[in-house]
$ cat run-v1.cif   # mmCIF, C-alpha atoms and all ligand atoms; chains and numbers go by the auth columns
data_model
#
loop_
_atom_site.group_PDB
_atom_site.id
_atom_site.type_symbol
_atom_site.label_atom_id
_atom_site.label_comp_id
_atom_site.label_asym_id
_atom_site.label_seq_id
_atom_site.Cartn_x
_atom_site.Cartn_y
_atom_site.Cartn_z
_atom_site.B_iso_or_equiv
_atom_site.auth_seq_id
_atom_site.auth_asym_id
ATOM 1 C CA MET A 1 229.760 177.356 120.056 0.00 1 A
ATOM 2 C CA GLN A 2 229.792 179.328 123.254 0.00 2 A
ATOM 3 C CA MET A 3 226.933 181.491 124.431 0.00 3 A
ATOM 4 C CA LEU A 4 227.045 183.690 127.481 0.00 4 A
ATOM 5 C CA HIS A 5 225.096 182.692 130.511 0.00 5 A
ATOM 6 C CA PRO A 6 223.806 185.874 132.145 0.00 6 A
ATOM 7 C CA PHE A 7 224.424 184.920 135.709 0.00 7 A
ATOM 8 C CA VAL A 8 224.706 187.290 138.649 0.00 8 A
ATOM 9 C CA GLY A 9 225.852 185.822 141.935 0.00 9 A
ATOM 10 C CA SER A 10 228.686 183.963 143.569 0.00 10 A
ATOM 11 C CA ILE A 11 230.511 181.059 141.957 0.00 11 A
ATOM 12 C CA GLN A 12 228.922 178.784 144.560 0.00 12 A
ATOM 13 C CA GLN A 13 225.455 180.012 143.516 0.00 13 A
ATOM 14 C CA TYR A 14 226.382 179.531 139.873 0.00 14 A
ATOM 15 C CA SER A 15 227.420 175.920 140.520 0.00 15 A
ATOM 16 C CA GLU A 16 224.099 175.202 142.193 0.00 16 A
ATOM 17 C CA ALA A 17 222.062 176.994 139.535 0.00 17 A
ATOM 18 C CA ILE A 18 223.474 175.021 136.601 0.00 18 A
ATOM 19 C CA SER A 19 222.828 171.636 138.229 0.00 19 A
ATOM 20 C CA ASP A 20 219.309 171.773 136.822 0.00 20 A
ATOM 21 C CA PRO A 21 219.499 171.385 133.017 0.00 21 A
ATOM 22 C CA ASP A 22 216.023 172.831 132.533 0.00 22 A
ATOM 23 C CA ARG A 23 216.700 176.096 134.270 0.00 23 A
ATOM 24 C CA TYR A 24 218.618 177.820 131.481 0.00 24 A
ATOM 25 C CA ARG A 25 217.891 175.478 128.589 0.00 25 A
ATOM 26 C CA PRO A 26 217.956 177.428 125.286 0.00 26 A
ATOM 27 C CA ASP A 27 214.538 177.176 123.600 0.00 27 A
ATOM 28 C CA HIS A 28 216.027 177.096 120.120 0.00 28 A
ATOM 29 C CA CYS A 29 219.315 176.413 118.375 0.00 29 A
ATOM 30 C CA PRO A 30 221.488 179.478 117.764 0.00 30 A
ATOM 31 C CA GLN A 31 223.365 177.684 114.971 0.00 31 A
ATOM 32 C CA CYS A 32 220.582 176.329 112.763 0.00 32 A
ATOM 33 C CA GLU A 33 216.887 176.895 112.193 0.00 33 A
ATOM 34 C CA ALA A 34 215.670 174.307 114.686 0.00 34 A
ATOM 35 C CA GLN A 35 212.925 175.875 116.782 0.00 35 A
ATOM 36 C CA GLN A 36 212.977 173.291 119.521 0.00 36 A
ATOM 37 C CA PRO A 37 214.587 173.264 122.948 0.00 37 A
ATOM 38 C CA LEU A 38 218.101 171.860 123.036 0.00 38 A
ATOM 39 C CA THR A 39 218.933 168.630 124.829 0.00 39 A
ATOM 40 C CA GLY A 40 221.127 168.614 127.937 0.00 40 A
ATOM 41 C CA HIS A 41 224.610 167.387 127.013 0.00 41 A
ATOM 42 C CA GLY A 42 226.516 167.308 130.272 0.00 42 A
ATOM 43 C CA PHE A 43 229.244 169.718 131.233 0.00 43 A
ATOM 44 C CA TYR A 44 232.773 170.613 130.490 0.00 44 A
ATOM 45 C CA CYS A 45 235.138 171.814 133.139 0.00 45 A
ATOM 46 C CA ARG A 46 237.382 174.842 133.002 0.00 46 A
ATOM 47 C CA THR A 47 239.676 176.539 135.441 0.00 47 A
ATOM 48 C CA LEU A 48 238.842 179.951 136.790 0.00 48 A
ATOM 49 C CA VAL A 49 240.625 182.411 139.009 0.00 49 A
ATOM 50 C CA ASP A 50 238.411 185.101 140.485 0.00 50 A
ATOM 51 C CA LEU A 51 238.640 187.253 143.593 0.00 51 A
ATOM 52 C CA GLY A 52 238.705 184.672 146.381 0.00 52 A
ATOM 53 C CA PHE A 53 238.395 181.688 144.043 0.00 53 A
ATOM 54 C CA ASP A 54 240.956 179.531 142.256 0.00 54 A
ATOM 55 C CA GLY A 55 239.570 176.279 140.971 0.00 55 A
ATOM 56 C CA VAL A 56 237.470 174.464 138.427 0.00 56 A
ATOM 57 C CA ILE A 57 233.945 175.363 137.390 0.00 57 A
ATOM 58 C CA ARG A 58 231.510 173.340 135.321 0.00 58 A
ATOM 59 C CA VAL A 59 230.047 174.796 132.157 0.00 59 A
ATOM 60 C CA ARG A 60 226.667 173.485 131.001 0.00 60 A
ATOM 61 C CA ARG A 61 226.458 172.105 127.499 0.00 61 A
ATOM 62 C CA TYR A 62 223.455 171.470 125.262 0.00 62 A
ATOM 63 C CA LEU A 63 223.076 169.554 122.024 0.00 63 A
ATOM 64 C CA CYS A 64 220.914 170.408 119.029 0.00 64 A
ATOM 65 C CA LEU A 65 219.373 167.157 117.777 0.00 65 A
ATOM 66 C CA LEU A 66 218.905 168.612 114.315 0.00 66 A
ATOM 67 C CA CYS A 67 222.356 169.954 113.453 0.00 67 A
ATOM 68 C CA LYS A 68 224.210 167.817 116.042 0.00 68 A
ATOM 69 C CA ARG A 69 226.227 170.785 117.256 0.00 69 A
ATOM 70 C CA THR A 70 226.734 171.709 120.873 0.00 70 A
ATOM 71 C CA VAL A 71 226.205 175.006 122.637 0.00 71 A
ATOM 72 C CA SER A 72 227.883 175.771 125.936 0.00 72 A
ATOM 73 C CA LEU A 73 226.687 178.413 128.364 0.00 73 A
ATOM 74 C CA LEU A 74 229.760 180.188 129.601 0.00 74 A
ATOM 75 C CA PRO A 75 229.030 182.286 132.701 0.00 75 A
ATOM 76 C CA GLU A 76 229.530 185.914 131.815 0.00 76 A
ATOM 77 C CA PHE A 77 232.034 186.560 134.587 0.00 77 A
ATOM 78 C CA ALA A 78 234.477 184.368 132.647 0.00 78 A
ATOM 79 C CA LEU A 79 236.158 185.280 129.374 0.00 79 A
ATOM 80 C CA PRO A 80 236.485 182.598 126.704 0.00 80 A
ATOM 81 C CA TRP A 81 239.999 181.139 126.558 0.00 81 A
ATOM 82 C CA LEU A 82 241.252 183.031 129.599 0.00 82 A
ATOM 83 C CA ARG A 83 241.694 181.501 133.018 0.00 83 A
ATOM 84 C CA PHE A 84 241.243 184.727 134.967 0.00 84 A
ATOM 85 C CA SER A 85 237.845 186.292 135.540 0.00 85 A
ATOM 86 C CA LEU A 86 236.782 189.451 133.803 0.00 86 A
ATOM 87 C CA THR A 87 236.413 191.273 137.131 0.00 87 A
ATOM 88 C CA LEU A 88 239.960 190.459 138.122 0.00 88 A
ATOM 89 C CA ILE A 89 241.483 191.450 134.778 0.00 89 A
ATOM 90 C CA ALA A 90 239.442 194.675 134.809 0.00 90 A
ATOM 91 C CA LEU A 91 240.789 195.635 138.234 0.00 91 A
ATOM 92 C CA PHE A 92 244.311 195.070 136.978 0.00 92 A
ATOM 93 C CA LEU A 93 243.910 196.990 133.717 0.00 93 A
ATOM 94 C CA VAL A 94 242.237 199.985 135.323 0.00 94 A
ATOM 95 C CA ALA A 95 244.951 200.201 137.967 0.00 95 A
ATOM 96 C CA ARG A 96 247.767 199.838 135.450 0.00 96 A
ATOM 97 C CA LEU A 97 246.497 201.774 132.432 0.00 97 A
ATOM 98 C CA LEU A 98 244.090 204.331 133.869 0.00 98 A
ATOM 99 C CA ARG A 99 245.574 205.075 137.259 0.00 99 A
ATOM 100 C CA GLY A 100 249.186 204.529 136.215 0.00 100 A
ATOM 101 C CA CYS A 101 250.092 202.000 138.915 0.00 101 A
ATOM 102 C CA THR A 102 253.179 199.839 138.624 0.00 102 A
ATOM 103 C CA LEU A 103 252.710 196.232 137.513 0.00 103 A
ATOM 104 C CA ALA A 104 253.108 195.081 141.116 0.00 104 A
ATOM 105 C CA ALA A 105 250.619 197.613 142.480 0.00 105 A
ATOM 106 C CA ALA A 106 248.129 196.756 139.727 0.00 106 A
ATOM 107 C CA ALA A 107 248.482 193.057 140.569 0.00 107 A
ATOM 108 C CA ALA A 108 247.794 193.907 144.218 0.00 108 A
ATOM 109 C CA ALA A 109 244.693 195.879 143.168 0.00 109 A
ATOM 110 C CA ALA A 110 243.446 192.647 141.601 0.00 110 A
ATOM 111 C CA SER A 111 244.350 190.630 144.736 0.00 111 A
ATOM 112 C CA GLN A 112 247.114 188.819 142.808 0.00 112 A
ATOM 113 C CA THR A 113 250.169 189.837 144.770 0.00 113 A
ATOM 114 C CA ALA A 114 252.135 186.726 143.804 0.00 114 A
ATOM 115 C CA MET A 115 251.320 186.992 140.119 0.00 115 A
ATOM 116 C CA PRO A 116 254.225 186.866 137.641 0.00 116 A
ATOM 117 C CA TYR A 117 254.578 190.263 135.989 0.00 117 A
ATOM 118 C CA GLN A 118 254.513 188.660 132.524 0.00 118 A
ATOM 119 C CA ARG A 119 250.845 187.787 133.030 0.00 119 A
ATOM 120 C CA GLY A 120 249.945 191.418 133.578 0.00 120 A
ATOM 121 C CA GLN A 121 251.992 192.458 130.577 0.00 121 A
ATOM 122 C CA PHE A 122 250.150 189.901 128.484 0.00 122 A
ATOM 123 C CA TRP A 123 246.771 191.416 129.483 0.00 123 A
ATOM 124 C CA VAL A 124 248.060 194.925 128.834 0.00 124 A
ATOM 125 C CA ARG A 125 249.321 193.999 125.365 0.00 125 A
ATOM 126 C CA ARG A 126 246.074 192.323 124.424 0.00 126 A
ATOM 127 C CA PHE A 127 244.049 195.243 125.691 0.00 127 A
ATOM 128 C CA GLN A 128 246.187 197.789 123.860 0.00 128 A
ATOM 129 C CA THR A 129 245.772 195.841 120.618 0.00 129 A
ATOM 130 C CA GLN A 130 242.032 195.619 121.107 0.00 130 A
ATOM 131 C CA ALA A 131 241.421 199.193 122.344 0.00 131 A
ATOM 132 C CA PRO A 132 240.698 200.896 118.974 0.00 132 A
ATOM 133 C CA ALA A 133 238.129 198.221 118.049 0.00 133 A
ATOM 134 C CA LEU A 134 236.588 198.417 121.521 0.00 134 A
ATOM 135 C CA SER A 135 236.256 202.199 121.357 0.00 135 A
ATOM 136 C CA LEU A 136 234.380 201.849 118.104 0.00 136 A
ATOM 137 C CA ALA A 137 232.199 198.897 119.098 0.00 137 A
ATOM 138 C CA LEU A 138 231.152 200.363 122.445 0.00 138 A
ATOM 139 C CA ALA A 139 230.309 203.798 121.060 0.00 139 A
ATOM 140 C CA PRO A 140 226.528 203.062 120.976 0.00 140 A
ATOM 141 C CA LEU A 141 226.589 202.316 124.710 0.00 141 A
ATOM 142 C CA ALA A 142 228.712 205.099 126.129 0.00 142 A
ATOM 143 C CA ALA A 143 229.319 208.769 125.582 0.00 143 A
ATOM 144 C CA THR A 144 232.899 209.363 124.548 0.00 144 A
ATOM 145 C CA GLY A 145 234.438 212.261 126.377 0.00 145 A
ATOM 146 C CA PRO A 146 237.867 213.571 125.516 0.00 146 A
ATOM 147 C CA ALA A 147 240.556 210.975 125.988 0.00 147 A
ATOM 148 C CA SER A 148 244.233 211.109 125.218 0.00 148 A
ATOM 149 C CA ASP A 149 244.282 207.814 123.344 0.00 149 A
ATOM 150 C CA PHE A 150 242.273 204.717 122.460 0.00 150 A
ATOM 151 C CA VAL A 151 243.381 202.840 125.549 0.00 151 A
ATOM 152 C CA ALA A 152 242.167 205.551 127.918 0.00 152 A
ATOM 153 C CA ARG A 153 238.982 206.011 125.929 0.00 153 A
ATOM 154 C CA ALA A 154 238.146 202.290 125.887 0.00 154 A
ATOM 155 C CA LEU A 155 238.845 202.007 129.617 0.00 155 A
ATOM 156 C CA ARG A 156 236.577 204.933 130.465 0.00 156 A
ATOM 157 C CA MET A 157 233.822 203.466 128.312 0.00 157 A
ATOM 158 C CA LEU A 158 234.159 200.097 130.011 0.00 158 A
ATOM 159 C CA GLU A 159 234.078 201.706 133.431 0.00 159 A
ATOM 160 C CA SER A 160 230.930 203.659 132.575 0.00 160 A
ATOM 161 C CA ILE A 161 229.093 200.748 130.906 0.00 161 A
ATOM 162 C CA GLY A 162 230.312 198.104 133.339 0.00 162 A
ATOM 163 C CA TRP A 163 232.794 195.481 132.171 0.00 163 A
ATOM 164 C CA ILE A 164 230.407 192.544 132.314 0.00 164 A
ATOM 165 C CA ALA A 165 227.617 194.442 130.527 0.00 165 A
ATOM 166 C CA ALA A 166 230.109 195.487 127.848 0.00 166 A
ATOM 167 C CA HIS A 167 231.411 191.924 127.497 0.00 167 A
ATOM 168 C CA ARG A 168 227.807 190.669 127.118 0.00 168 A
ATOM 169 C CA PHE A 169 227.121 193.216 124.368 0.00 169 A
ATOM 170 C CA LEU A 170 230.369 192.567 122.503 0.00 170 A
ATOM 171 C CA PHE A 171 230.044 188.808 122.664 0.00 171 A
ATOM 172 C CA ALA A 172 226.333 188.373 122.031 0.00 172 A
ATOM 173 C CA HIS A 173 225.905 190.963 119.300 0.00 173 A
ATOM 174 C CA LEU A 174 229.297 191.199 117.639 0.00 174 A
ATOM 175 C CA ARG A 175 231.041 187.914 118.515 0.00 175 A
ATOM 176 C CA MET A 176 233.832 190.098 119.753 0.00 176 A
ATOM 177 C CA HIS A 177 236.182 189.108 122.566 0.00 177 A
ATOM 178 C CA LEU A 178 236.932 191.894 125.001 0.00 178 A
ATOM 179 C CA LEU A 179 240.642 191.042 124.927 0.00 179 A
ATOM 180 C CA GLY A 180 240.686 189.706 121.356 0.00 180 A
ATOM 181 C CA TRP A 181 240.260 186.138 120.134 0.00 181 A
ATOM 182 C CA PRO A 182 243.327 183.957 120.045 0.00 182 A
ATOM 183 C CA ALA A 183 244.760 183.863 116.519 0.00 183 A
ATOM 184 C CA PHE A 184 243.468 180.379 115.774 0.00 184 A
ATOM 185 C CA LEU A 185 239.879 181.494 116.461 0.00 185 A
ATOM 186 C CA ALA A 186 240.008 184.904 114.814 0.00 186 A
ATOM 187 C CA PRO A 187 237.985 186.684 113.580 0.00 187 A
ATOM 188 C CA ASP A 188 234.846 185.651 115.478 0.00 188 A
ATOM 189 C CA GLY A 189 235.806 182.945 117.946 0.00 189 A
ATOM 190 C CA ARG A 190 234.424 180.013 116.016 0.00 190 A
ATOM 191 C CA MET A 191 236.293 176.904 115.002 0.00 191 A
ATOM 192 C CA ALA A 192 236.829 176.985 111.249 0.00 192 A
ATOM 193 C CA THR A 193 235.847 173.361 110.852 0.00 193 A
ATOM 194 C CA LEU A 194 232.816 171.704 112.346 0.00 194 A
ATOM 195 C CA ARG A 195 233.489 168.936 114.767 0.00 195 A
ATOM 196 C CA PRO A 196 231.007 166.262 115.812 0.00 196 A
ATOM 197 C CA ALA A 197 229.656 166.580 119.333 0.00 197 A
ATOM 198 C CA SER A 198 231.700 164.771 121.918 0.00 198 A
ATOM 199 C CA PRO A 199 229.910 162.460 124.355 0.00 199 A
ATOM 200 C CA PRO A 200 228.584 164.074 127.546 0.00 200 A
ATOM 201 C CA ALA A 201 230.967 164.309 130.458 0.00 201 A
HETATM 202 ZN ZN ZN B . 220.980 173.272 115.486 0.00 1 B
#
$ encode --input "run-v1.cif" --output "structure tokens"
Amino acid sequence: MQMLHPFVGSIQQYSEAISDPDRYRPDHCPQCEAQQPLTGHGFYCRTLVDLGFDGVIRVRRYLCLLCKRTVSLLPEFALPWLRFSLTLIALFLVARLLRGCTLAAAAAAASQTAMPYQRGQFWVRRFQTQAPALSLALAPLAATGPASDFVARALRMLESIGWIAAHRFLFAHLRMHLLGWPAFLAPDGRMATLRPASPPA
């Protein structure tokens, strides 16, 4: 399963910080009752596009020796199953849906001037689908002023809470994906069947 790694800093600093397996080692297993630190289990690699970055990052993995399941520490600036960083998607959605920019202008606001417009539409659709659930889930964290619709309300809440703080809350407490889990992982982002741990990379 994925856990969020509460990391603040540049991607370069993140890469250095996770080189040491002890630094963020979970002291217990989140998936079973084992109350012992997890064992380092290498990394997996994933692509990430952020402001000023387009490449591959490593994600630290740990293994529980009792239940034999792995836990990966996904940095919280990345969204599970999406290649683009949360910061970048947030800039796009705010420009498009809150400020009413065109798709091209919203892409420029996210420093993605060459982006195909379908990508932005995909984010917009996912956000619109998720907006009612977000408005409800984030209510404990933000005052809800008058808003014309769920999309505007959810965006204002995210802006006031901070997108990364909201993502942390949704993911850690509710297993909720800010833009919605892909259908094959719905409703809570977990694989339906357990798979044995793969060997460390
Ligand atoms: Zn376990």
$ residues_around --input "run-v1.cif" --residues "Trp163 (chain A)" --least-positions-apart "6" --cutoff "9 Å" --atoms "all atoms listed in the file" --output "count of residues only"
4
$ resolve_selection --input "run-v1.cif" --expression "the PyMOL selection byres (((chain A and resi 10-21) around 8) and not hetatm)" --output "PDB file with C-alpha atoms, in the frame of the given file"
ATOM      1  CA  PHE A   7     224.424 184.920 135.709  1.00  0.00           C
ATOM      2  CA  VAL A   8     224.706 187.290 138.649  1.00  0.00           C
ATOM      3  CA  GLY A   9     225.852 185.822 141.935  1.00  0.00           C
ATOM      4  CA  ASP A  22     216.023 172.831 132.533  1.00  0.00           C
ATOM      5  CA  ARG A  23     216.700 176.096 134.270  1.00  0.00           C
ATOM      6  CA  TYR A  24     218.618 177.820 131.481  1.00  0.00           C
ATOM      7  CA  ARG A  25     217.891 175.478 128.589  1.00  0.00           C
ATOM      8  CA  GLY A  40     221.127 168.614 127.937  1.00  0.00           C
ATOM      9  CA  ILE A  57     233.945 175.363 137.390  1.00  0.00           C
ATOM     10  CA  ARG A  58     231.510 173.340 135.321  1.00  0.00           C
ATOM     11  CA  VAL A  59     230.047 174.796 132.157  1.00  0.00           C
ATOM     12  CA  ARG A  60     226.667 173.485 131.001  1.00  0.00           C
TER      13      ARG A  60
END
$ closest_residue --input "run-v1.cif" --among "A:Ala133, A:Leu4, A:Ala152, A:Ala78" --to "Pro26 (chain A)" --atoms "all atoms listed in the file"
A:Leu4
$ closest_atom_pairs --input "run-v1.cif" --of "region 11-94 of chain A" --to "region 99-121 of chain A" --cutoff "7 Å" --atoms "all atoms listed in the file" --output "CSV"
residue,atom,partner,partner_atom,distance
A:Leu51,CA,A:Ser111,CA,6.7
A:Leu88,CA,A:Ala110,CA,5.4
A:Leu91,CA,A:Ala110,CA,5.2
A:Phe92,CA,A:Ala106,CA,5.0
A:Val94,CA,A:Arg99,CA,6.4
$ atom_distance --input "run-v1.cif" --atom1 "CA of Leu98 (chain A)" --atom2 "CA of Trp181 (chain A)"
23.1 Å
$ residues_near_ligand --input "run-v1.cif" --ligand "ligand ZN 1 (chain B)" --cutoff "8 Å" --atoms "only C-alpha atoms and all ligand atoms" --output "ChimeraX atom specification"
/A:28-34,63-69
$ residues_around --input "run-v1.cif" --residues "Ala137 (chain A)" --least-positions-apart "3" --cutoff "9 Å" --atoms "all atoms listed in the file" --output "PyMOL selection string"
chain A and resi 132-134+140-141+170+174+176
$ write_last_selection --input "run-v1.cif" --atoms "C-alpha atoms" --output "tab-separated table (two decimals), keeping the file's coordinate frame"
chain	number	residue	atom	x	y	z
A	132	PRO	CA	240.70	200.90	118.97
A	133	ALA	CA	238.13	198.22	118.05
A	134	LEU	CA	236.59	198.42	121.52
A	140	PRO	CA	226.53	203.06	120.98
A	141	LEU	CA	226.59	202.32	124.71
A	170	LEU	CA	230.37	192.57	122.50
A	174	LEU	CA	229.30	191.20	117.64
A	176	MET	CA	233.83	190.10	119.75
$ atom_distance --input "run-v1.cif" --atom1 "CA of Pro80 (chain A)" --atom2 "CA of Val151 (chain A)"
21.4 Å
$ closest_residue --input "run-v1.cif" --among "A:Glu76, A:Ala183, A:Thr47, A:Gln2" --to "Tyr62 (chain A)" --atoms "all atoms listed in the file"
A:Gln2
$ atom_distance --input "run-v1.cif" --atom1 "CA of Arg61 (chain A)" --atom2 "CA of Arg46 (chain A)"
12.5 Å
$ residues_around --input "run-v1.cif" --residues "Ser135 (chain A)" --least-positions-apart "3" --cutoff "7 Å" --atoms "all atoms listed in the file" --output "number ranges by chain"
A: 131-132, 138-139, 150, 153-154
$ axis_aligned_box --input "run-v1.cif" --around "region 154-170 of chain A" --padding-each-side "5 Å" --output "lines of an AutoDock Vina configuration file"
center_x = 233.0
center_y = 197.8
center_z = 128.0
size_x = 21.7
size_y = 24.3
size_z = 20.9
$ resolve_selection --input "run-v1.cif" --expression "the PyMOL selection byres (((chain A and resi 1) around 8) and not hetatm)" --output "ChimeraX atom specification"
/A:2-3,69-72,190
$ resolve_selection --input "run-v1.cif" --expression "the PyMOL selection byres (((chain A and resi 178) around 8) and not hetatm)" --output "ChimeraX atom specification"
/A:79,127,130,134,167,170-171,176-177,179-180
$ build_atoms --input "run-v1.cif" --residues "region 165-176 of chain A" --atoms "N, CA, C and O atoms" --output "compact mmCIF listing (two decimals), in the frame of the given file"
# COMPACT_ATOMS: atom_id res chain seq x y z
N ALA A 165 228.65 194.02 131.50
CA ALA A 165 227.62 194.44 130.53
C ALA A 165 228.25 194.67 129.16
O ALA A 165 227.67 194.30 128.12
N ALA A 166 229.42 195.25 129.12
CA ALA A 166 230.11 195.49 127.85
C ALA A 166 230.51 194.16 127.20
O ALA A 166 230.32 193.96 125.99
N HIS A 167 231.03 193.26 127.99
CA HIS A 167 231.41 191.92 127.50
C HIS A 167 230.19 191.21 126.90
O HIS A 167 230.26 190.62 125.82
N ARG A 168 229.05 191.29 127.59
CA ARG A 168 227.81 190.67 127.12
C ARG A 168 227.42 191.24 125.74
O ARG A 168 227.10 190.51 124.82
N PHE A 169 227.47 192.56 125.63
CA PHE A 169 227.12 193.22 124.37
C PHE A 169 228.09 192.81 123.25
O PHE A 169 227.67 192.42 122.15
N LEU A 170 229.37 192.88 123.52
CA LEU A 170 230.37 192.57 122.50
C LEU A 170 230.24 191.12 122.03
O LEU A 170 230.30 190.83 120.84
N PHE A 171 230.06 190.23 122.98
CA PHE A 171 230.04 188.81 122.66
C PHE A 171 228.74 188.40 121.98
O PHE A 171 228.75 187.72 120.96
N ALA A 172 227.62 188.83 122.54
CA ALA A 172 226.33 188.37 122.03
C ALA A 172 226.00 189.01 120.69
O ALA A 172 225.44 188.37 119.81
N HIS A 173 226.33 190.27 120.52
CA HIS A 173 225.90 190.96 119.30
C HIS A 173 226.98 191.00 118.22
O HIS A 173 226.67 191.07 117.05
N LEU A 174 228.23 191.01 118.62
CA LEU A 174 229.30 191.20 117.64
C LEU A 174 230.28 190.03 117.57
O LEU A 174 231.21 190.07 116.77
N ARG A 175 230.08 189.03 118.42
CA ARG A 175 231.04 187.91 118.52
C ARG A 175 232.46 188.46 118.71
O ARG A 175 233.43 187.97 118.14
N MET A 176 232.54 189.46 119.52
CA MET A 176 233.83 190.10 119.75
C MET A 176 234.31 189.74 121.16
O MET A 176 233.52 189.74 122.10
